[in-house]
$ cat start-v7.txt   # compact mmCIF, C-alpha atoms
# COMPACT_ATOMS: atom_id res chain seq x y z
CA MET A 9 68.54 120.99 108.68
CA SER A 10 67.15 122.92 105.73
CA SER A 11 68.51 122.43 102.23
CA ARG A 12 70.20 125.80 102.37
CA ASP A 13 71.88 125.03 105.66
CA ALA A 14 73.04 121.68 104.32
CA ILE A 15 74.78 123.33 101.36
CA VAL A 16 76.21 126.19 103.41
CA ALA A 17 77.69 123.64 105.80
CA GLU A 18 79.69 122.17 102.89
CA ILE A 19 81.28 125.48 101.86
CA PRO A 20 84.44 125.15 104.00
CA ARG A 21 85.18 121.71 102.53
CA LEU A 22 84.50 122.92 99.01
CA ARG A 23 86.93 125.78 99.60
CA ARG A 24 89.60 123.45 100.95
CA TYR A 25 89.34 121.15 97.97
CA ALA A 26 89.23 124.00 95.47
CA ARG A 27 92.31 125.58 97.06
CA ALA A 28 94.25 122.35 96.81
CA LEU A 29 93.00 121.71 93.29
CA THR A 30 93.78 125.12 91.82
CA GLY A 31 96.64 126.18 94.08
CA ARG A 32 95.33 129.74 94.17
CA SER A 33 92.92 131.20 96.67
CA ASP A 34 91.19 133.69 94.36
CA SER A 35 90.44 131.27 91.56
CA ALA A 36 89.53 128.63 94.17
CA ASP A 37 86.81 130.84 95.61
CA ASP A 38 85.59 131.69 92.11
CA LEU A 39 85.27 127.97 91.50
CA VAL A 40 83.37 127.51 94.78
CA GLN A 41 81.03 130.36 93.89
CA ASP A 42 80.34 128.88 90.44
CA THR A 43 79.77 125.49 92.05
CA LEU A 44 77.24 126.88 94.52
CA GLU A 45 75.38 128.74 91.79
CA ARG A 46 75.23 125.63 89.63
CA ALA A 47 74.11 123.55 92.59
CA LEU A 48 71.27 125.97 93.28
CA ASP A 49 70.15 125.95 89.67
CA LYS A 50 70.09 122.16 89.67
CA TRP A 51 68.74 121.82 93.18
CA ARG A 52 65.26 120.80 92.18
CA PHE A 53 66.63 117.89 90.16
CA TRP A 54 68.81 116.63 92.93
CA GLN A 55 67.75 113.28 94.28
CA ARG A 56 67.54 113.65 98.02
CA GLU A 57 68.68 110.10 98.69
CA ARG A 58 72.01 110.81 97.10
CA ASP A 59 74.69 112.17 99.28
CA LEU A 60 75.07 115.90 99.00
CA ARG A 61 78.86 116.00 99.20
CA PRO A 62 79.80 113.83 96.19
CA TRP A 63 77.16 115.67 94.22
CA LEU A 64 78.73 119.05 95.00
CA PHE A 65 82.20 117.72 94.19
CA SER A 66 80.91 116.38 90.87
CA ILE A 67 79.58 119.85 89.97
CA MET A 68 82.91 121.39 90.91
CA HIS A 69 84.76 118.77 88.89
CA ASN A 70 82.73 119.50 85.76
CA LEU A 71 83.15 123.25 86.10
CA HIS A 72 86.87 122.95 86.71
CA VAL A 73 87.46 120.64 83.77
CA ASP A 74 85.47 122.98 81.52
CA GLY A 75 87.44 126.00 82.73
CA HIS A 76 90.70 124.13 82.36
CA ARG A 77 89.92 123.23 78.76
CA ARG A 78 88.84 126.79 77.99
CA ASN A 79 92.17 128.05 79.25
CA GLY A 80 94.00 125.77 76.88
CA HIS A 81 95.25 123.32 79.46
CA ASP A 82 94.96 119.76 78.31
CA GLY A 83 93.99 118.83 81.81
CA HIS A 84 91.77 115.90 81.12
CA ASN A 85 94.42 113.78 79.49
CA GLY A 86 96.99 115.17 81.82
CA ARG A 87 99.79 114.87 79.31
CA VAL A 88 101.05 118.42 79.52
CA GLU A 89 102.49 119.65 82.75
CA PHE A 90 102.79 123.32 83.39
CA CYS A 91 104.81 125.31 85.79
CA ASP A 92 104.67 128.99 85.11
CA ASP A 93 106.28 130.94 87.90
CA GLU A 94 103.10 132.87 88.61
CA ASP A 95 101.26 129.60 89.03
CA LEU A 96 103.36 128.63 91.98
CA PRO A 97 101.31 128.68 95.14
CA VAL A 98 101.98 131.33 97.73
CA PRO A 99 103.80 130.09 100.82
CA VAL A 100 101.85 129.63 104.00
CA GLN A 101 102.53 132.65 106.16
CA ARG A 102 101.72 131.44 109.63
CA ALA A 103 103.45 128.10 109.53
CA GLU A 104 106.98 127.61 110.74
CA GLN A 105 109.71 128.13 108.17
CA ALA A 106 110.47 124.45 107.71
CA ASP A 107 106.81 123.56 107.52
CA ALA A 108 106.25 126.36 105.06
CA LEU A 109 108.90 124.93 102.80
CA GLU A 110 107.43 121.46 103.08
CA LEU A 111 103.96 122.75 102.28
CA ARG A 112 105.25 124.79 99.41
CA ASP A 113 106.94 121.71 98.00
CA LEU A 114 103.73 119.76 98.37
CA GLU A 115 101.61 122.44 96.71
CA ARG A 116 104.12 122.68 93.88
CA ALA A 117 104.18 118.91 93.50
CA LEU A 118 100.39 118.87 93.32
CA SER A 119 100.45 121.45 90.56
CA LEU A 120 102.73 119.12 88.60
CA LEU A 121 100.31 116.22 88.79
CA PRO A 122 98.00 115.74 85.82
CA LEU A 123 94.57 117.08 86.71
CA ASP A 124 92.80 113.71 86.69
CA GLN A 125 95.35 112.27 89.12
CA ARG A 126 95.33 115.37 91.31
CA GLU A 127 91.54 115.20 91.65
CA VAL A 128 91.54 111.58 92.77
CA LEU A 129 94.44 112.08 95.16
CA LEU A 130 92.70 115.05 96.82
CA LEU A 131 89.23 113.54 96.96
CA VAL A 132 90.63 110.40 98.61
CA GLY A 133 93.52 111.72 100.68
CA LEU A 134 92.19 115.13 101.69
CA GLU A 135 88.41 114.95 101.41
CA GLU A 136 88.30 111.29 102.49
CA LEU A 137 85.53 110.30 100.14
CA SER A 138 84.97 106.60 99.59
CA TYR A 139 86.24 105.23 96.29
CA ALA A 140 82.64 104.77 95.16
CA GLU A 141 81.86 108.40 95.96
CA VAL A 142 84.93 109.56 94.06
CA ALA A 143 83.85 107.48 91.07
CA ARG A 144 80.42 109.09 91.19
CA ALA A 145 81.79 112.60 91.62
CA LEU A 146 84.14 112.22 88.65
CA GLY A 147 81.80 110.15 86.49
CA VAL A 148 84.32 107.34 85.95
CA PRO A 149 84.36 103.65 86.92
CA GLN A 150 85.83 102.77 90.30
CA GLY A 151 88.62 100.84 88.59
CA THR A 152 89.69 104.08 86.94
CA VAL A 153 89.70 105.79 90.31
CA MET A 154 92.02 103.11 91.68
CA SER A 155 94.47 103.28 88.78
CA ARG A 156 94.59 107.07 88.93
CA LEU A 157 95.11 106.93 92.68
CA SER A 158 97.98 104.52 92.27
CA ARG A 159 99.63 106.64 89.60
CA ALA A 160 99.07 109.84 91.56
CA ARG A 161 100.69 108.46 94.69
CA ASN A 162 103.70 107.13 92.83
CA ARG A 163 104.07 110.33 90.89
CA LEU A 164 103.78 112.54 93.95
CA LYS A 165 106.42 110.50 95.72
CA ALA A 166 108.74 110.79 92.76
CA ILE A 167 108.26 114.56 92.49
CA LEU A 168 108.82 115.10 96.21
CA ALA A 169 111.91 112.91 96.08
CA GLY A 170 113.32 115.36 93.57
CA GLU A 171 113.32 113.16 90.54
CA SER A 172 113.61 115.23 87.43
CA THR A 173 110.36 116.71 86.38
CA PRO A 174 110.00 118.39 83.04
CA HIS A 175 109.25 122.08 83.20
CA LEU A 176 107.08 122.68 80.22
CA LYS A 177 105.62 125.97 79.29
CA VAL A 178 101.90 125.91 78.78
CA VAL A 179 101.17 125.82 75.09
CA SER A 180 97.77 127.21 74.37
CA SER A 181 95.89 125.33 71.75
CA MET B 2 87.40 83.72 101.06
CA ASN B 3 91.06 84.59 100.88
CA ALA B 4 91.51 86.46 97.63
CA PRO B 5 95.12 87.47 96.93
CA ILE B 6 96.06 90.86 98.33
CA SER B 7 96.04 93.37 95.50
CA GLU B 8 97.41 96.87 95.16
CA ASP B 9 93.82 98.14 95.48
CA ASP B 10 93.62 96.41 98.86
CA LEU B 11 96.74 98.24 99.99
CA HIS B 12 95.31 101.61 98.96
CA ALA B 13 92.04 100.77 100.71
CA TYR B 14 94.06 99.79 103.77
CA ALA B 15 95.97 103.08 103.72
CA ASP B 16 92.71 104.99 103.32
CA GLY B 17 90.79 103.09 106.00
CA GLN B 18 88.27 101.79 103.48
CA LEU B 19 88.55 98.04 104.14
CA ASP B 20 85.85 96.10 105.90
CA ALA B 21 86.81 94.31 109.10
CA SER B 22 87.43 90.83 107.67
CA ARG B 23 89.57 92.05 104.78
CA LEU B 24 91.42 94.38 107.13
CA THR B 25 92.60 91.41 109.19
CA GLN B 26 93.82 89.59 106.08
CA VAL B 27 95.69 92.62 104.76
CA GLU B 28 97.32 93.27 108.12
CA ALA B 29 98.53 89.70 108.27
CA TRP B 30 99.90 89.93 104.74
CA LEU B 31 101.64 93.24 105.39
CA ALA B 32 103.36 91.80 108.45
CA ALA B 33 105.18 89.50 106.06
CA HIS B 34 105.91 92.19 103.46
CA PRO B 35 107.75 95.09 105.10
CA GLU B 36 108.62 96.79 101.80
CA ARG B 37 104.90 97.20 101.06
CA GLN B 38 104.38 98.35 104.63
CA ALA B 39 106.76 101.21 103.93
CA GLN B 40 104.81 102.03 100.80
CA VAL B 41 101.53 102.19 102.71
CA ALA B 42 103.19 104.41 105.32
CA GLU B 43 104.37 106.71 102.54
CA TRP B 44 100.84 107.01 101.13
CA ARG B 45 99.49 107.80 104.56
CA ALA B 46 102.18 110.42 105.03
CA GLN B 47 101.09 112.01 101.75
CA SER B 48 97.50 112.27 102.98
CA ALA B 49 98.67 113.68 106.30
CA GLY B 50 100.72 116.24 104.38
CA LEU B 51 97.64 117.27 102.40
CA HIS B 52 95.75 117.83 105.61
CA ARG B 53 98.62 119.87 107.08
CA ALA B 54 98.71 121.99 103.94
CA PHE B 55 95.01 122.61 103.43
CA ASP B 56 93.02 122.03 106.62
CA ARG B 57 93.70 125.64 107.58
CA VAL B 58 91.20 126.60 104.87
CA LEU B 59 88.45 125.03 106.99
CA ASP B 60 89.16 127.53 109.75
CA GLU B 61 89.13 130.59 107.52
CA PRO B 62 86.00 132.73 107.61
CA VAL B 63 83.90 132.04 104.54
CA PRO B 64 83.88 135.12 102.28
CA ALA B 65 80.47 136.78 102.32
CA ARG B 66 80.11 136.54 98.56
CA LEU B 67 79.98 132.75 98.84
CA ILE B 68 77.00 132.68 101.21
CA PRO B 69 73.78 133.07 99.27
CA ALA B 70 71.10 135.22 100.87
CA ALA B 71 68.64 133.21 102.90
CA ASN B 72 65.72 134.74 101.04
CA SER B 73 67.17 134.14 97.58
CA PRO B 74 64.60 132.39 95.42
CA HIS B 75 67.34 129.90 94.63
CA TRP B 76 67.04 128.56 98.11
CA LEU B 77 63.45 127.49 97.88
CA ASP B 78 63.64 123.77 98.10
CA ALA B 79 62.11 121.40 95.62
CA ARG B 80 58.88 120.92 97.50
CA LYS B 81 58.28 124.63 97.71
CA LEU B 82 58.98 125.04 94.02
CA ALA B 83 56.50 122.28 93.29
CA ALA B 84 53.91 124.00 95.47
CA VAL B 85 54.50 127.33 93.74
CA ALA B 86 54.19 125.73 90.29
CA TRP B 87 51.01 124.06 91.43
CA LEU B 88 49.59 127.35 92.74
CA MET B 89 50.39 129.02 89.41
CA LEU B 90 48.65 126.25 87.54
CA GLY B 91 45.62 126.79 89.74
CA THR B 92 45.70 130.51 89.07
CA VAL B 93 45.75 129.92 85.32
CA THR B 94 42.94 127.40 85.56
CA GLY B 95 40.96 129.80 87.70
CA PHE B 96 41.50 132.58 85.19
CA VAL B 97 40.23 130.43 82.32
CA LEU B 98 37.22 129.34 84.33
CA ARG B 99 36.41 132.89 85.33
CA GLY B 100 35.08 133.73 81.87
CA GLN B 101 32.43 131.12 82.26
CA THR B 102 31.34 131.91 85.75
CA ASP B 103 31.89 135.62 86.17
CA GLY B 104 28.98 137.41 87.75
CA GLU B 105 27.17 134.22 88.50
CA GLN B 106 28.84 132.45 91.28
CA ALA B 107 31.41 134.74 92.79
CA SER B 108 30.93 133.31 96.23
CA THR B 109 31.26 129.78 94.93
CA ARG B 110 34.53 130.78 93.28
CA ILE B 111 35.84 132.19 96.53
CA ALA B 112 34.89 128.97 98.24
CA GLN B 113 36.66 126.99 95.54
CA SER B 114 39.90 128.91 95.96
CA LEU B 115 39.95 128.14 99.67
CA PRO B 116 40.95 124.46 99.53
CA ARG B 117 43.64 125.09 96.93
CA GLN B 118 45.23 127.93 98.85
CA ALA B 119 45.04 125.93 102.04
CA ALA B 120 46.61 122.87 100.41
CA VAL B 121 49.44 124.94 98.93
CA ALA B 122 50.18 126.57 102.29
CA HIS B 123 50.07 123.09 103.82
CA ALA B 124 52.58 121.73 101.31
CA VAL B 125 54.93 124.65 101.82
CA PHE B 126 55.15 124.62 105.61
CA VAL B 127 54.56 121.03 106.69
CA PRO B 128 58.06 119.90 105.54
CA GLU B 129 59.75 122.68 107.52
CA VAL B 130 61.91 121.25 110.24
CA ARG B 131 63.30 124.37 111.83
CA HIS B 132 60.62 126.97 111.27
CA PRO B 133 57.27 125.25 110.79
CA VAL B 134 55.53 128.08 112.64
CA GLU B 135 56.21 131.69 113.54
CA VAL B 136 54.82 131.53 117.07
CA GLY B 137 54.99 128.28 118.96
CA ALA B 138 52.30 126.64 121.06
CA ASP B 139 54.33 127.52 124.17
CA GLN B 140 53.15 131.10 123.60
CA GLU B 141 49.56 130.27 122.82
CA ALA B 142 48.10 133.36 124.48
CA HIS B 143 50.38 135.58 122.42
CA LEU B 144 49.53 133.58 119.30
CA VAL B 145 45.79 134.02 119.85
CA GLY B 146 46.15 137.74 120.56
CA TRP B 147 48.36 138.33 117.57
CA LEU B 148 46.34 136.40 114.99
CA SER B 149 43.01 137.73 116.31
CA LYS B 150 44.26 141.28 115.98
CA ARG B 151 45.61 140.79 112.48
CA LEU B 152 42.54 138.95 111.21
CA GLY B 153 40.12 141.36 112.87
CA SER B 154 38.18 138.84 114.90
CA GLU B 155 38.95 136.50 117.76
CA LEU B 156 40.58 133.33 116.53
CA LYS B 157 41.62 130.50 118.82
CA PRO B 158 43.27 127.30 117.66
CA PRO B 159 40.97 124.32 118.16
CA LYS B 160 42.04 121.60 120.61
CA LEU B 161 42.80 118.30 118.94
CA ASP B 162 44.66 116.63 121.81
CA ASP B 163 41.90 114.05 122.24
CA ALA B 164 42.55 112.98 118.65
CA GLY B 165 46.27 112.69 119.35
CA TYR B 166 47.33 115.97 117.73
CA HIS B 167 49.00 118.73 119.68
CA LEU B 168 49.34 122.32 118.55
CA VAL B 169 52.77 123.17 117.12
CA GLY B 170 51.95 126.86 116.66
CA GLY B 171 50.78 129.26 114.02
CA ARG B 172 51.80 131.74 111.40
CA LEU B 173 50.41 134.60 109.38
CA LEU B 174 50.38 134.37 105.59
CA PRO B 175 49.44 136.70 102.75
CA GLY B 176 46.12 135.82 101.14
CA ASP B 177 44.14 137.17 98.20
CA LYS B 178 42.55 139.98 100.15
CA GLY B 179 44.66 140.37 103.22
CA GLU B 180 46.20 138.19 105.82
CA VAL B 181 45.33 134.61 106.60
CA ALA B 182 46.33 132.40 109.51
CA GLN B 183 47.68 128.88 109.59
CA PHE B 184 47.76 126.64 112.65
CA MET B 185 49.87 123.53 112.60
CA TYR B 186 49.32 120.31 114.56
CA GLU B 187 51.44 117.23 114.95
CA ASN B 188 50.85 113.76 116.36
CA SER B 189 53.25 111.33 118.02
CA THR B 190 54.40 109.96 114.65
CA HIS B 191 55.20 113.48 113.44
CA ASN B 192 52.33 113.55 111.03
CA ARG B 193 51.19 117.11 110.56
CA LEU B 194 47.86 118.82 109.93
CA THR B 195 47.29 122.45 109.10
CA LEU B 196 44.22 124.57 109.63
CA TYR B 197 44.03 127.51 107.25
CA VAL B 198 41.76 130.35 108.33
CA ARG B 199 40.76 133.14 105.97
CA PRO B 200 38.87 136.21 107.20
CA ASP B 201 37.38 137.37 103.90
CA ALA B 202 34.42 135.03 104.05
CA GLY B 203 32.12 137.38 105.93
CA ASN B 204 30.01 138.44 102.99
CA ASN B 205 29.39 134.92 101.86
CA LYS B 206 26.64 132.62 102.89
CA ASP B 207 27.69 129.88 105.16
CA THR B 208 28.66 126.80 103.28
CA ALA B 209 28.29 123.22 104.23
CA PHE B 210 31.17 120.99 104.98
CA ARG B 211 33.05 120.14 101.79
CA HIS B 212 35.90 117.92 100.74
CA ALA B 213 38.54 118.49 98.10
CA ARG B 214 41.64 116.53 97.20
CA GLU B 215 44.54 118.67 96.05
CA ASN B 216 47.77 116.98 95.02
CA ASP B 217 47.49 114.12 97.53
CA VAL B 218 46.33 116.42 100.32
CA ASP B 219 42.81 115.97 101.67
CA VAL B 220 41.17 119.27 102.49
CA PHE B 221 37.91 119.66 104.42
CA TYR B 222 36.61 123.21 104.29
CA TRP B 223 33.62 125.31 105.25
CA ILE B 224 32.71 128.95 105.72
CA ASP B 225 30.87 130.60 108.60
CA GLU B 226 29.89 134.21 109.16
CA ARG B 227 33.41 135.24 110.07
CA PHE B 228 35.97 132.98 108.50
CA GLY B 229 36.62 130.40 105.85
CA TYR B 230 38.33 127.32 107.34
CA ALA B 231 40.25 124.55 105.66
CA LEU B 232 41.84 121.58 107.41
CA SER B 233 44.57 119.89 105.33
CA GLY B 234 46.39 116.63 105.88
CA ASN B 235 47.30 113.35 104.30
CA THR B 236 46.23 110.73 106.81
CA GLY B 237 43.43 109.51 104.57
CA ARG B 238 39.98 110.80 103.92
CA GLU B 239 38.22 109.01 106.76
CA ASP B 240 40.69 110.17 109.36
CA MET B 241 40.64 113.71 108.03
CA LEU B 242 36.87 113.74 108.13
CA ARG B 243 36.94 112.75 111.78
CA LEU B 244 39.48 115.48 112.60
CA ALA B 245 37.67 118.12 110.55
CA THR B 246 34.44 117.27 112.34
CA LEU B 247 36.19 117.93 115.64
CA VAL B 248 37.41 121.31 114.42
CA TYR B 249 34.06 122.21 112.91
CA GLY B 250 32.33 121.32 116.17
CA GLN B 251 34.58 123.62 118.19
CA TYR B 252 34.06 126.62 115.91
CA SER B 253 30.32 126.24 115.52
CA ARG B 254 29.59 126.18 119.21
$ encode --input "start-v7.txt" --output "structure tokens"
Amino acid sequence: MSSRDAIVAEIPRLRRYARALTGRSDSADDLVQDTLERALDKWRFWQRERDLRPWLFSIMHNLHVDGHRRNGHDGHNGRVEFCDDEDLPVPVQRAEQADALELRDLERALSLLPLDQREVLLLVGLEELSYAEVARALGVPQGTVMSRLSRARNRLKAILAGESTPHLKVVSS
Amino acid sequence: MNAPISEDDLHAYADGQLDASRLTQVEAWLAAHPERQAQVAEWRAQSAGLHRAFDRVLDEPVPARLIPAANSPHWLDARKLAAVAWLMLGTVTGFVLRGQTDGEQASTRIAQSLPRQAAVAHAVFVPEVRHPVEVGADQEAHLVGWLSKRLGSELKPPKLDDAGYHLVGGRLLPGDKGEVAQFMYENSTHNRLTLYVRPDAGNNKDTAFRHARENDVDVFYWIDERFGYALSGNTGREDMLRLATLVYGQYSR
């Protein structure tokens, strides 16, 4: 498989992760496009022995965190939650009504997770990366991955169970 | 080793990331701790929910804007970029040298460019897995007809089967003054040789057999009345000499 084919084969997974991470299909594909462009620019520096997938996720992570900061979201510390109405994900059209509601709840709950917890939860639970790969993709120690995962799972459960979640307006810095 | 079961172990259990021995220990522990069992089930349900919500994206057609063009320069892989940089360096060196040799040894200069061009073409196409050649050895008659026509003189690939190398096929490449041909050979350990054949050598005197080493590639090259030939490979100088002698013998008959 050529290098190009190897990257192209990862596009569907990158899109799935970006969709779950951003909650919006248009900005998700923008993020995928930026990730691919960055990957191509850096391609010659990529060490072939390293796994392609964590490397691509690490590029996407860096781009997303940068974009998040630029937009005034304090995503890295994850202390400010935001829930503008227009940020709510669109419901899934083809799914059954009950499923659609469940998925909408899940997408909304994800958007309420601090970014650093959301990333770990998705890379482990959805993308099924090993903890070591997640640590490499996010540039943090594996212990940090585990503590974020634990907090993310507890938090998600609490949100889905309907415990009160603060609705804060995004305050641009 | 029976380390206490930690929360990390439970996450790793839920995520299927435990090795076999630890898995057994955690399962035994969970059997005695139903409240933690419920917690693990909850985590797994969360992951299943994520898949239900987002796996549909995998089935969506990828928007065209996300698929880079196959011929985009971005897609040249590292080895090709290295070969291109190396060719450019050679061009600059050749340009600097030209001032000293112009008008004196034009034919020598042409001969000198042969091993470098051959070695670069070797480095570019030998790593190719899917498209190492344009026309495969299974269409050898077509290959011979095609390359002979384009290079203006009959050109057959030499037979190296006795030396353990079979013909993979050939391709046409742009050269300094027109088209050049490249044949590729491979042995049972997937080691590859290339024979680069350039038709612009006709107005030069024949040259003797020469050796050059270009970026870890051994090149043996010579020129006859029709073509310049260069055999490139990295199996060591002695082995390459033996193979080049075989090729030389077949063309000088």
$ atom_distance --input "start-v7.txt" --atom1 "CA of Lys160 (chain B)" --atom2 "CA of Asp139 (chain B)"
14.1 Å
$ residues_near_point --input "start-v7.txt" --point "(94.9, 98.1, 102.2)" --cutoff "10 Å" --atoms "only C-alpha atoms" --output "list in words"
Ile6, Ser7, Glu8, Asp9, Asp10, Leu11, His12, Ala13, Tyr14, Ala15, Asp16, Gly17, Gln18, Leu19, Asp20, Arg23, Leu24, Thr25, Gln26, Val27, Glu28, Trp30, Leu31, Gln38 and Val41 of chain B
$ closest_residue --input "start-v7.txt" --among "B:Ala120, B:Lys150, B:Pro128, B:Asn3" --to "chain A" --atoms "only C-alpha atoms"
B:Pro128
$ closest_residue --input "start-v7.txt" --among "A:Glu18, A:Asp49, A:Glu127, A:Asp113" --to "chain B" --atoms "only C-alpha atoms"
A:Asp49
$ atom_distance --input "start-v7.txt" --atom1 "CA of Met241 (chain B)" --atom2 "CA of Leu161 (chain B)"
12.0 Å
$ atom_distance --input "start-v7.txt" --atom1 "CA of Ala42 (chain B)" --atom2 "CA of Val148 (chain A)"
27.2 Å
$ closest_residue --input "start-v7.txt" --among "B:Ala32, B:Ala21, B:Leu152, B:Leu51" --to "chain A" --atoms "all atoms listed in the file"
B:Leu51
$ closest_residue --input "start-v7.txt" --among "B:Glu36, B:Leu59, B:Tyr186, B:Glu226" --to "chain A" --atoms "all atoms listed in the file"
B:Leu59
$ residues_near_point --input "start-v7.txt" --point "(47.3, 121.0, 106.4)" --cutoff "8 Å" --atoms "only C-alpha atoms" --output "PyMOL selection string"
chain B and resi 119-120+122-124+127+185+193-197+218+220+231-235
$ write_last_selection --input "start-v7.txt" --atoms "C-alpha atoms" --output "PDB file, keeping the file's coordinate frame"
ATOM      1  CA  ALA B 119      45.040 125.930 102.040  1.00  0.00           C
ATOM      2  CA  ALA B 120      46.610 122.870 100.410  1.00  0.00           C
ATOM      3  CA  ALA B 122      50.180 126.570 102.290  1.00  0.00           C
ATOM      4  CA  HIS B 123      50.070 123.090 103.820  1.00  0.00           C
ATOM      5  CA  ALA B 124      52.580 121.730 101.310  1.00  0.00           C
ATOM      6  CA  VAL B 127      54.560 121.030 106.690  1.00  0.00           C
ATOM      7  CA  MET B 185      49.870 123.530 112.600  1.00  0.00           C
ATOM      8  CA  ARG B 193      51.190 117.110 110.560  1.00  0.00           C
ATOM      9  CA  LEU B 194      47.860 118.820 109.930  1.00  0.00           C
ATOM     10  CA  THR B 195      47.290 122.450 109.100  1.00  0.00           C
ATOM     11  CA  LEU B 196      44.220 124.570 109.630  1.00  0.00           C
ATOM     12  CA  TYR B 197      44.030 127.510 107.250  1.00  0.00           C
ATOM     13  CA  VAL B 218      46.330 116.420 100.320  1.00  0.00           C
ATOM     14  CA  VAL B 220      41.170 119.270 102.490  1.00  0.00           C
ATOM     15  CA  ALA B 231      40.250 124.550 105.660  1.00  0.00           C
ATOM     16  CA  LEU B 232      41.840 121.580 107.410  1.00  0.00           C
ATOM     17  CA  SER B 233      44.570 119.890 105.330  1.00  0.00           C
ATOM     18  CA  GLY B 234      46.390 116.630 105.880  1.00  0.00           C
ATOM     19  CA  ASN B 235      47.300 113.350 104.300  1.00  0.00           C
TER      20      ASN B 235
END
